[in-house]
Every structure is written in C-alpha cells, then in structure tokens.
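Input: a single structure, listed below in structure tokens.
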Amino acid sequence: MEKSTFWVFRLATYLILIAGFSVFGDIVVKGSATVFGAFKTTSTFPYFTNTFLTEAPESLYVFEHKGEKREMGDREYRAFREKETAAALAAGQPAPQFKADSYVYSAGGIWPCIVGTVLLVVGSMTIALLLGVSSAIFLSEYARDGAFVRFVRLAILNLAGVPSIVFGLFGFGMFVIYFDWNVSLLAGWFTLAFMVLPVVITASEEALKAVPKGFREGSLALGATKWQTIRSNVLPYALPGILTSSILGIARVAGETAPIMFTAAYVVRDKLPWDVEKISDFFFQGVMALPYHIYVVSSKIPQNEYTARVQYGTAFVFLGIVALIAASSIVLRNKLRGRYKW
Amino acid sequence: MDTPAATPASRTFNVPATASAADGAQTLIEIDSFDFYYGAKQALFDINLRLADKRVTAFIGPSGCGKSTLLRCLNRMNDLIDGTSVKRGNVKIRGIDIYGRDVDSIELRKRVGMVFQKSNPFPKSIYENITYGLRIQGVKSKARLDEVVEKSLRGAALWDEVKDRLHESGLGLSGGQQQRLCIARTIAVEPEVILMDEPCSALDPIATAKVEELIHELKKQFTIIIVTHSMQQAARCSDQTAFFYMGKLVEFGETRDIFMNPKNPQTEAYVSGRFG
Ligand SMILES: Nc1ncnc2c1ncn2[C@@H]1O[C@H](COP(=O)(O)OP(=O)(O)O)[C@@H](O)[C@H]1O
Ligand SMILES: [Mg+2]
C-alpha cells in the first residue's frame, strides 16, 4: 500500500517532467531549425545576418522554375521575376510565366514583434513598479491598519484573480475607447500594468516588511523624517526582493495575448515603432508583439508546413526573450543584494 | 546649515536653565506627573523626575516595569506606535515641553539621540553609517563629513580599530564594535542627550567593559540615560539611579545611596537581588 502510493506520486512527477520536456523540446527543436536556418552571410561587418530576427514578416512564394522548386519572400520574388523577365526579353524570348502559391507571413522575420514585445514589457513594468511600489509604501508604511486598508487588500487580492481577457476588455473600454488612445502602446502599457499590479504590490509589501525594524528606528532616532527613512534606509534594501517577485510579472506581461489583442497589438505593421514623425506619436501607435503574432500565424491564416516554421520559430524566440529579460533582472537583483546585505 | 549646533532646533532648546539640582548641577530634563498609555493600557503612572545635565542616570527595575517606555518618551519614539498617548503631565527639556504643540519631533530627535538594545548599524559602510544623520540634514561638504567621521569614531573609541576600513560594511564588525558604531553614529549629530536602552545586553563582558568605559568619557559632553538590567552596570557607570516598579517610579537618588541605603523596601529587595 505504502509503496504503491509512493509510486503513484512518483509517476505523476515523471509525467509532468515528460510533458514539460516534450513541450520545450518540440519548440526548441523545430524552432531552432527556423531561427538558425535563417543565418546568412553578408559582405559587410559583422559578415552575417539572421533574417528571421532582423526582418519584418513577408508573404512566402512557392513556385517552380526551370524544373526546380523555389521558395522566396515577397521582395526577393518580385526582384527575381523582373530579372528573369528582363533576361528573357534581352534574349528575344517570350516573357516567362510564373505561377506561384503564396502564403502570408511565412517568410521574412519577426523583428517588429520582438521590438513590440520588449517595448510592452519595459513600459508596463515601469508603470507597474512605480504604481505598485508607491501603493505598497503607502499600505505598509503610512496607512494605519483599519477597515480601509483591509478593503484595499481585498480589492488587490480580487484583482489578482481576474482573467487576463477581462483586463483586455477593461483596457479596451477604458483606454482605447473612453480615453480615445486608440489601439496603442500606451493603452497596452496601462492594461498590462494593471494586470500585474497585484503581483507587484504584494511582492513589494513583503519585501518592505522584511526590512528589519531596527533600520527604521535607527534612522528615525537620528532625526530623519519618515520619508527620508523610507527612501534611504528601507527602500534600497527592499528593492532586491521587489525585483525578484517582479520577474514573475515580466514573464506574464511578455506572454499574455488577451490583454493586448484589443489594446495594443496590430496583426501587421510595416513601420518600426521609432519610425514616427512626432515623439507623441510613439505612444499612440500600435505594435506587433510575439504572443499575438503566434496567435495570428496559428489561427488566423490557413495552416500548412510553411506556417508551422514561423510558429515554432516565433515561439522559440519568444521563450528566449523572456528568459533573457528574466536573467537580466536576476543579475540586477543579485548586484543590489550584494550591495545591501544584513 | 553648517554644524548641527546651529540648527533652529538647538536654538529652541537653548533656553537658560531654570531649576538647579541639590548638588549644583543644572537640571536638564524635568518630568512632571507623567501618565503614558499604550491604547487603553496604562504603562507609566505619575512619573516625577528631574535629571541633571552632563550626568549619567540609570533606569533599573524588573522586566516590563516601563523603563524602555519612559526612555522612548524622551525622544518621542513612542509616537511611532499606533494608539499611544500621554494622558497627563509633561516632559520638559531645558524648560521646553517636548510634547508641546510647536515642538517638531524630528528636531527633538536630533537633540536627543538613542542607542538601541539590539545594535542596528545600517547595511552601509562605516563611513555612511556615521554620516547618515548629517546627510539627511543636508550636509554635503566632504571635508566636514570626513572630520565628523573621525571625531565621532574617536569619541566612540572605535577609530583605531576601523580607520583602515571606513568604506567596508558596518555589519562586518563584531557585536561590541557594532554597538560602538551606533554610539558614534549618534554622537555625530551632536545631541545633548543620549538615551541607551540596555546597550550591553547582547555583548560579552569585554565588549561591555569597553562600552562602560566609553560612557565615562561621553558624560563629559553629553547627558546620558541608560536602561540596564544589570545592577552592577548601574552601580559602575551611573551617577544617579531611578528604580521603577510596575510603571511607577519607586525611588530616585544618587546611585551610591540607592545601592547602599535605599529608603524604600521594594528598592532594597530589588538591589539586593531578592526579586527581578
Ligand atoms: N508597543 C507596545 N504596545 C503595548 N504595550 C507595550 C508596548 N511596549 C511595551 N508595552 C507594555 O508596557 C509595559 C512596559 O514595557 P517596557 O517599557 O518595554 O518595559 P521594560 O523596558 O522596563 O522591560 C509592559 O507591560 C509592556 O507589556
Ligand atoms: Mg526594555
């Protein structure tokens, strides 16, 4: 009996392990084929480029030419056609006929999506940290325990349980329609920030509480005001803890599709975000984003072997970027931790 | 704002001394009919006490009798605890009622420093620990800060031990050194009064002896009030002693008299080690 129970638990754990590995393995194997297959040599420094990472999505054209099957992106295909036609005309032959099948978004790369996701993460985490840390300071350092604080805590707890699509709808109604920001970076930032706010507030409160009382008393006893004490003798020590838990928030902000699909994400946009006339336009433009792109290429277009490449490639890059952002926050946190140890 | 002595706070407190104690020393702190409450719970009952300038006063008494509470009333640290209140009486320092409406508790704490039971150096460098108080007052001059760091560390008998590692963390010091760092940090802002709440309770005998020696030095410049659990310590380093019991001041007098011939039988029982 004892033994069989133990085995049930053990098998359950193995099952999870297998599931995890197959998901990751699948994405890594198929995705890396797309990403690493896109390396090309160039004639200038740094002598190579990766079109999947640095170009915008294009349509893919598949056609037969002189008995050979060829795959080309939109621009390449058009140039090729012109060159062949010109060559044929020069040789006095009739213009060649091209019959190609086209597949949207299946060529080129995902550079605009990478840019969009990074912008969304950085902007929304900045807003969430500013708002979240401020309210955590208010709740744990200034507010007296009472009905009001309990109510605020309850509200925060409830906010944490709200599904992300609801945040998406809220952001759409509030920022896109009511504030008239349209589908824009700004609307996406605030929607995502509200979504992770509970995580940030709870984490910040925990981190502030973990700072020993003696540091506060020592500072106050030297004639510091409460705010001076918090600013120079509490917050710096709480920061590593705040960042640690905010890393979870980063993965969520980067990964959620629902909150941005009505508020910030464009299916396709050929301009890059910094390609704007006025600075203010920067905030009021929609962007492409990795999770939304995965959603688009896997459900909005006809599926075939060519779209699968983009799907896996995008998923692989997406995982890589989340890992990269998380890793850099961990490095930052450890640096801060090393500075303030007690 | 050059020296702390020139801050408005010191002017506020720079009132000519009024009363004089019996032996000729000036009275610095006057506590009159003082009642203090934690919420509905009364912690101090009708305290009347006059403490002389540049003397060491020891607060003794069994655990929970209100020593720390009274000490923390003197720099209004109790203001930070929700629900505390002074229901009656007042505390005057140089004739100024510190609970008066126009007294700023922040300014008060620059004049009345405090050393805690559990040494609490900030997780910053030794240098930054000492300069913390001046920095928040807006002192920026490097030369002045350097000067204060050396002076304060010398004042706390710590200079020779740490002069080569001023920029290392204060938490790397031994327990006794940490407590002396906290004392140095306190004297860096040049207070008039230093409150010490069982400063040696976590220290070994050698470190304790050093702090006690330091107290002897410090009383040339500062008025010191020390809460202690150890009767020997009170006897060794204080000039006057106040014995508290259940939130009341039972007896106050010259330390010699309190220990050699106490007037109150409760004091007698406590100092002879029969309870507490
Ligand atoms: N923060 C507080 N809230 C409520 N009661 C307190 C608080 N601090 C101390 N007390 C009570 O006040 C009384 C005196 O405490 P304290 O001054 O710390 O005693 P001592 O320092 O002499 O040991 C005790 O009965 C204690 O329980
Ligand atoms: Mg105590």
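Numbering starts fresh at 1 for the residues of each chain in the structure tokens, the chains themselves are lettered A, B, ... in the order given, and ligands are numbered from 1 as they appear.
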Just want the 12 Å neighbourhood of Glu30 in chain B, counted on only C-alpha atoms, with same-chain residues fewer than 4 positions away dropped. Output as a PDB file with C-alpha atoms, in the first residue's frame.
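Output saved as selection_14.pdb:
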```pdb
ATOM      1  CA  ALA B  17      18.446  76.583  32.682  1.00  0.00           C
ATOM      2  CA  THR B  18      15.885  77.188  35.364  1.00  0.00           C
ATOM      3  CA  ALA B  19      15.989  74.890  38.316  1.00  0.00           C
ATOM      4  CA  SER B  20      19.170  73.587  39.877  1.00  0.00           C
ATOM      5  CA  ALA B  21      19.602  70.214  41.454  1.00  0.00           C
ATOM      6  CA  GLN B  26      21.823  72.122  36.236  1.00  0.00           C
ATOM      7  CA  PHE B  34       3.575  61.922  33.572  1.00  0.00           C
ATOM      8  CA  ILE B  47       6.269  59.891  36.948  1.00  0.00           C
ATOM      9  CA  ASN B  48       8.094  62.840  38.539  1.00  0.00           C
ATOM     10  CA  LEU B  49      11.781  63.042  37.824  1.00  0.00           C
ATOM     11  CA  ARG B  50      14.492  65.660  37.454  1.00  0.00           C
ATOM     12  CA  LEU B  51      17.610  64.715  35.563  1.00  0.00           C
ATOM     13  CA  ALA B  52      20.796  66.743  35.740  1.00  0.00           C
ATOM     14  CA  ASP B  53      22.883  67.954  32.822  1.00  0.00           C
ATOM     15  CA  LEU B  74      12.069  61.320  25.988  1.00  0.00           C
ATOM     16  CA  GLY B  89       1.760  65.601  32.749  1.00  0.00           C
ATOM     17  CA  ASN B  90       4.664  66.776  30.653  1.00  0.00           C
ATOM     18  CA  VAL B  91       8.337  66.361  29.874  1.00  0.00           C
ATOM     19  CA  LYS B  92      10.491  69.456  29.640  1.00  0.00           C
ATOM     20  CA  ILE B  93      13.993  69.610  28.239  1.00  0.00           C
ATOM     21  CA  ARG B  94      15.684  72.902  29.026  1.00  0.00           C
ATOM     22  CA  GLY B  95      12.296  74.214  30.020  1.00  0.00           C
ATOM     23  CA  ILE B  96      10.625  73.383  26.703  1.00  0.00           C
ATOM     24  CA  ASP B  97       7.680  70.999  26.808  1.00  0.00           C
ATOM     25  CA  ILE B  98       8.676  68.388  24.231  1.00  0.00           C
TER      26      ILE B  98
END
```
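All residues, whether protein, DNA or RNA, that have an atom at most 8 Å from ligand 2 (counting only C-alpha atoms and all ligand atoms) are Ser63, Gly64, Gly66, Lys67, Ser68, Thr69, Asp197, Glu198 and Val227 of chain B.
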Surrounding residues as a VMD selection string, ligand 1, max 10 Å, only C-alpha atoms and all ligand atoms: chain B and resid 36 to 44 59 to 73 78 80 to 84 197 to 198 227 to 229 244 to 247
Nearby residues (only C-alpha atoms) at most 8 Å from Ala188 in chain B, same-chain spacing under 5 positions excluded, as a PyMOL selection string: chain B and resi 130-131+133-134+148-149+151-152
What does the file look like for those residues with N, CA, C and O atoms, as a PDB file, in the first residue's frame?
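Heads up, here's the output in selection-v5.pdb:
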```
ATOM      1  N   ILE B 130      28.083  56.669   9.860  1.00  0.00           N
ATOM      2  CA  ILE B 130      28.351  57.844  10.698  1.00  0.00           C
ATOM      3  C   ILE B 130      27.762  59.100  10.072  1.00  0.00           C
ATOM      4  O   ILE B 130      27.226  59.960  10.771  1.00  0.00           O
ATOM      5  N   THR B 131      27.856  59.205   8.741  1.00  0.00           N
ATOM      6  CA  THR B 131      27.434  60.460   8.115  1.00  0.00           C
ATOM      7  C   THR B 131      25.927  60.504   7.853  1.00  0.00           C
ATOM      8  O   THR B 131      25.412  61.542   7.437  1.00  0.00           O
ATOM      9  N   GLY B 133      23.235  60.753   9.662  1.00  0.00           N
ATOM     10  CA  GLY B 133      22.481  61.813  10.337  1.00  0.00           C
ATOM     11  C   GLY B 133      22.742  63.190   9.749  1.00  0.00           C
ATOM     12  O   GLY B 133      21.827  64.000   9.611  1.00  0.00           O
ATOM     13  N   LEU B 134      24.005  63.434   9.388  1.00  0.00           N
ATOM     14  CA  LEU B 134      24.334  64.745   8.822  1.00  0.00           C
ATOM     15  C   LEU B 134      23.819  64.869   7.393  1.00  0.00           C
ATOM     16  O   LEU B 134      23.353  65.914   6.978  1.00  0.00           O
ATOM     17  N   VAL B 148      33.863  64.873  10.769  1.00  0.00           N
ATOM     18  CA  VAL B 148      32.905  64.342  11.744  1.00  0.00           C
ATOM     19  C   VAL B 148      33.096  62.842  11.924  1.00  0.00           C
ATOM     20  O   VAL B 148      32.999  62.326  13.043  1.00  0.00           O
ATOM     21  N   VAL B 149      33.394  62.137  10.829  1.00  0.00           N
ATOM     22  CA  VAL B 149      33.582  60.692  10.935  1.00  0.00           C
ATOM     23  C   VAL B 149      34.734  60.388  11.889  1.00  0.00           C
ATOM     24  O   VAL B 149      34.606  59.572  12.812  1.00  0.00           O
ATOM     25  N   LYS B 151      36.090  62.353  14.181  1.00  0.00           N
ATOM     26  CA  LYS B 151      35.793  62.829  15.529  1.00  0.00           C
ATOM     27  C   LYS B 151      34.829  61.884  16.260  1.00  0.00           C
ATOM     28  O   LYS B 151      35.043  61.525  17.421  1.00  0.00           O
ATOM     29  N   SER B 152      33.789  61.456  15.535  1.00  0.00           N
ATOM     30  CA  SER B 152      32.798  60.589  16.175  1.00  0.00           C
ATOM     31  C   SER B 152      33.377  59.221  16.496  1.00  0.00           C
ATOM     32  O   SER B 152      33.106  58.656  17.560  1.00  0.00           O
TER      33      SER B 152
END
```
Chain B contacts to chain A at 10 Å (only C-alpha atoms) as a PyMOL selection string: chain B and resi 72+75-77+80+82+105-125+129+132-137+169-172+182+185-189+191+195
Pairwise distance for CA of Val28 in chain A and CA of Phe316 in chain A, rounded to one decimal in Å: 6.0 Å
Members of range 140-208 of chain A assigned alpha helix (DSSP H) by DSSP, as a PyMOL selection string: chain A and resi 147-160+164-171+185-208
Who sits within 8 Å of Val253 in chain A, only C-alpha atoms, same chain under 6 positions skipped, as a ChimeraX atom specification: /A:120-121,124-125,192-193,196
For the residues in the current selection, export all heavy atoms as a short mmCIF file (atom, residue, chain, number, x, y, z; two decimals), in the first residue's frame.
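As a result, out_39.cif now contains:
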```cif
data_model
loop_
_atom_site.label_atom_id
_atom_site.label_comp_id
_atom_site.auth_asym_id
_atom_site.auth_seq_id
_atom_site.Cartn_x
_atom_site.Cartn_y
_atom_site.Cartn_z
N LEU A 120 6.57 46.72 -24.88
CA LEU A 120 5.42 46.50 -24.00
C LEU A 120 5.87 46.10 -22.60
O LEU A 120 5.36 46.59 -21.60
CB LEU A 120 4.51 45.41 -24.58
CG LEU A 120 3.62 45.84 -25.74
CD1 LEU A 120 2.93 44.64 -26.38
CD2 LEU A 120 2.57 46.84 -25.26
N VAL A 121 6.86 45.20 -22.53
CA VAL A 121 7.33 44.73 -21.22
C VAL A 121 7.97 45.88 -20.44
O VAL A 121 7.62 46.13 -19.28
CB VAL A 121 8.35 43.58 -21.38
CG1 VAL A 121 9.04 43.29 -20.06
CG2 VAL A 121 7.66 42.33 -21.90
N SER A 124 5.26 48.63 -19.48
CA SER A 124 4.24 48.26 -18.50
C SER A 124 4.87 47.92 -17.15
O SER A 124 4.30 48.23 -16.10
CB SER A 124 3.40 47.09 -19.00
OG SER A 124 4.22 46.00 -19.29
N MET A 125 6.07 47.32 -17.16
CA MET A 125 6.71 47.03 -15.87
C MET A 125 7.12 48.32 -15.18
O MET A 125 7.06 48.42 -13.95
CB MET A 125 7.94 46.12 -16.05
CG MET A 125 7.62 44.66 -16.30
SD MET A 125 6.37 43.93 -15.23
CE MET A 125 7.24 43.79 -13.69
N LEU A 192 -1.59 46.13 -19.31
CA LEU A 192 -0.69 45.11 -18.78
C LEU A 192 -0.25 45.47 -17.36
O LEU A 192 -0.13 44.61 -16.49
CB LEU A 192 0.54 44.96 -19.68
CG LEU A 192 0.29 44.28 -21.03
CD1 LEU A 192 1.51 44.40 -21.92
CD2 LEU A 192 -0.07 42.82 -20.83
N ALA A 193 -0.01 46.76 -17.12
CA ALA A 193 0.44 47.19 -15.80
C ALA A 193 -0.63 46.86 -14.76
O ALA A 193 -0.32 46.33 -13.69
CB ALA A 193 0.73 48.69 -15.79
N VAL A 196 -0.54 43.16 -13.81
CA VAL A 196 0.50 42.65 -12.90
C VAL A 196 0.57 43.42 -11.59
O VAL A 196 1.32 43.05 -10.70
CB VAL A 196 1.91 42.66 -13.50
CG1 VAL A 196 2.08 41.57 -14.50
CG2 VAL A 196 2.31 44.00 -14.02
#
```
Shell of 9 Å around Val297 in chain A, only C-alpha atoms, local chain residues under 4 positions omitted, as a ChimeraX atom specification: /A:104-106,292-293,301-303,307-308,310-311
Emit the selected residues as a compact mmCIF listing (two decimals), in the first residue's frame, including all heavy atoms.
```txt
# COMPACT_ATOMS: atom_id res chain seq x y z
N VAL A 104 0.77 33.88 -46.59
CA VAL A 104 1.04 35.11 -45.85
C VAL A 104 1.88 34.85 -44.60
O VAL A 104 1.75 33.80 -43.96
CB VAL A 104 -0.26 35.83 -45.42
CG1 VAL A 104 -0.82 36.64 -46.56
CG2 VAL A 104 -1.26 34.85 -44.86
N TYR A 105 2.71 35.84 -44.26
CA TYR A 105 3.54 35.84 -43.03
C TYR A 105 4.51 34.68 -42.93
O TYR A 105 5.09 34.45 -41.87
CB TYR A 105 2.69 35.83 -41.75
CG TYR A 105 1.61 36.86 -41.73
CD1 TYR A 105 0.36 36.56 -41.22
CD2 TYR A 105 1.85 38.15 -42.21
CE1 TYR A 105 -0.64 37.50 -41.18
CE2 TYR A 105 0.84 39.10 -42.19
CZ TYR A 105 -0.41 38.77 -41.68
OH TYR A 105 -1.39 39.70 -41.66
N SER A 106 4.69 33.93 -43.98
CA SER A 106 5.51 32.74 -43.82
C SER A 106 6.96 32.95 -44.23
O SER A 106 7.78 32.06 -44.13
CB SER A 106 4.92 31.58 -44.63
OG SER A 106 3.65 31.29 -44.12
N TYR A 292 1.01 37.68 -29.73
CA TYR A 292 -0.09 37.93 -30.65
C TYR A 292 0.26 37.41 -32.04
O TYR A 292 -0.60 36.91 -32.76
CB TYR A 292 -0.40 39.43 -30.69
CG TYR A 292 -1.67 39.74 -31.42
CD1 TYR A 292 -2.88 39.23 -30.95
CD2 TYR A 292 -1.67 40.52 -32.56
CE1 TYR A 292 -4.06 39.50 -31.61
CE2 TYR A 292 -2.85 40.79 -33.24
CZ TYR A 292 -4.04 40.28 -32.76
OH TYR A 292 -5.20 40.54 -33.42
N HIS A 293 1.52 37.52 -32.41
CA HIS A 293 1.95 37.01 -33.71
C HIS A 293 1.80 35.50 -33.76
O HIS A 293 1.35 34.94 -34.77
CB HIS A 293 3.40 37.41 -33.97
CG HIS A 293 3.84 37.20 -35.39
ND1 HIS A 293 3.26 37.86 -36.45
CD2 HIS A 293 4.78 36.38 -35.92
CE1 HIS A 293 3.83 37.46 -37.57
NE2 HIS A 293 4.75 36.56 -37.29
N ILE A 301 -4.60 32.26 -40.23
CA ILE A 301 -4.26 32.02 -41.63
C ILE A 301 -4.30 30.52 -41.89
O ILE A 301 -4.20 29.73 -40.95
CB ILE A 301 -2.86 32.58 -41.97
CG1 ILE A 301 -1.81 31.98 -41.03
CG2 ILE A 301 -2.85 34.10 -41.89
CD1 ILE A 301 -0.40 32.41 -41.36
N PRO A 302 -4.49 30.13 -43.14
CA PRO A 302 -4.53 28.69 -43.45
C PRO A 302 -3.24 28.00 -43.01
O PRO A 302 -2.15 28.56 -43.19
CB PRO A 302 -4.66 28.66 -44.98
CG PRO A 302 -5.08 30.02 -45.38
CD PRO A 302 -4.60 30.95 -44.34
N GLN A 303 -3.40 26.85 -42.43
CA GLN A 303 -2.24 26.16 -41.88
C GLN A 303 -1.59 25.24 -42.91
O GLN A 303 -2.27 24.60 -43.69
CB GLN A 303 -2.67 25.31 -40.67
CG GLN A 303 -3.26 26.14 -39.56
CD GLN A 303 -2.25 27.11 -39.01
OE1 GLN A 303 -1.25 26.71 -38.46
NE2 GLN A 303 -2.49 28.40 -39.19
N THR A 307 3.62 27.70 -42.57
CA THR A 307 3.27 28.50 -41.40
C THR A 307 3.84 27.86 -40.13
O THR A 307 4.20 28.56 -39.19
CB THR A 307 1.75 28.64 -41.24
OG1 THR A 307 1.17 27.36 -41.41
CG2 THR A 307 1.18 29.60 -42.25
N ALA A 308 3.92 26.53 -40.12
CA ALA A 308 4.44 25.86 -38.92
C ALA A 308 5.84 26.35 -38.59
O ALA A 308 6.19 26.54 -37.43
CB ALA A 308 4.44 24.35 -39.13
N VAL A 310 7.13 29.33 -39.05
CA VAL A 310 7.07 30.63 -38.38
C VAL A 310 6.56 30.46 -36.95
O VAL A 310 7.07 31.08 -36.02
CB VAL A 310 6.13 31.60 -39.13
CG1 VAL A 310 6.33 33.00 -38.62
CG2 VAL A 310 6.37 31.51 -40.60
N GLN A 311 5.54 29.60 -36.80
CA GLN A 311 5.00 29.41 -35.46
C GLN A 311 6.08 28.96 -34.49
O GLN A 311 6.28 29.54 -33.42
CB GLN A 311 3.89 28.36 -35.49
CG GLN A 311 2.61 28.84 -36.13
CD GLN A 311 1.74 27.68 -36.59
OE1 GLN A 311 1.94 26.54 -36.16
NE2 GLN A 311 0.81 27.96 -37.48
```
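Between CA of Arg70 in chain A and CA of Thr54 in chain A lies a distance of 22.2 Å.
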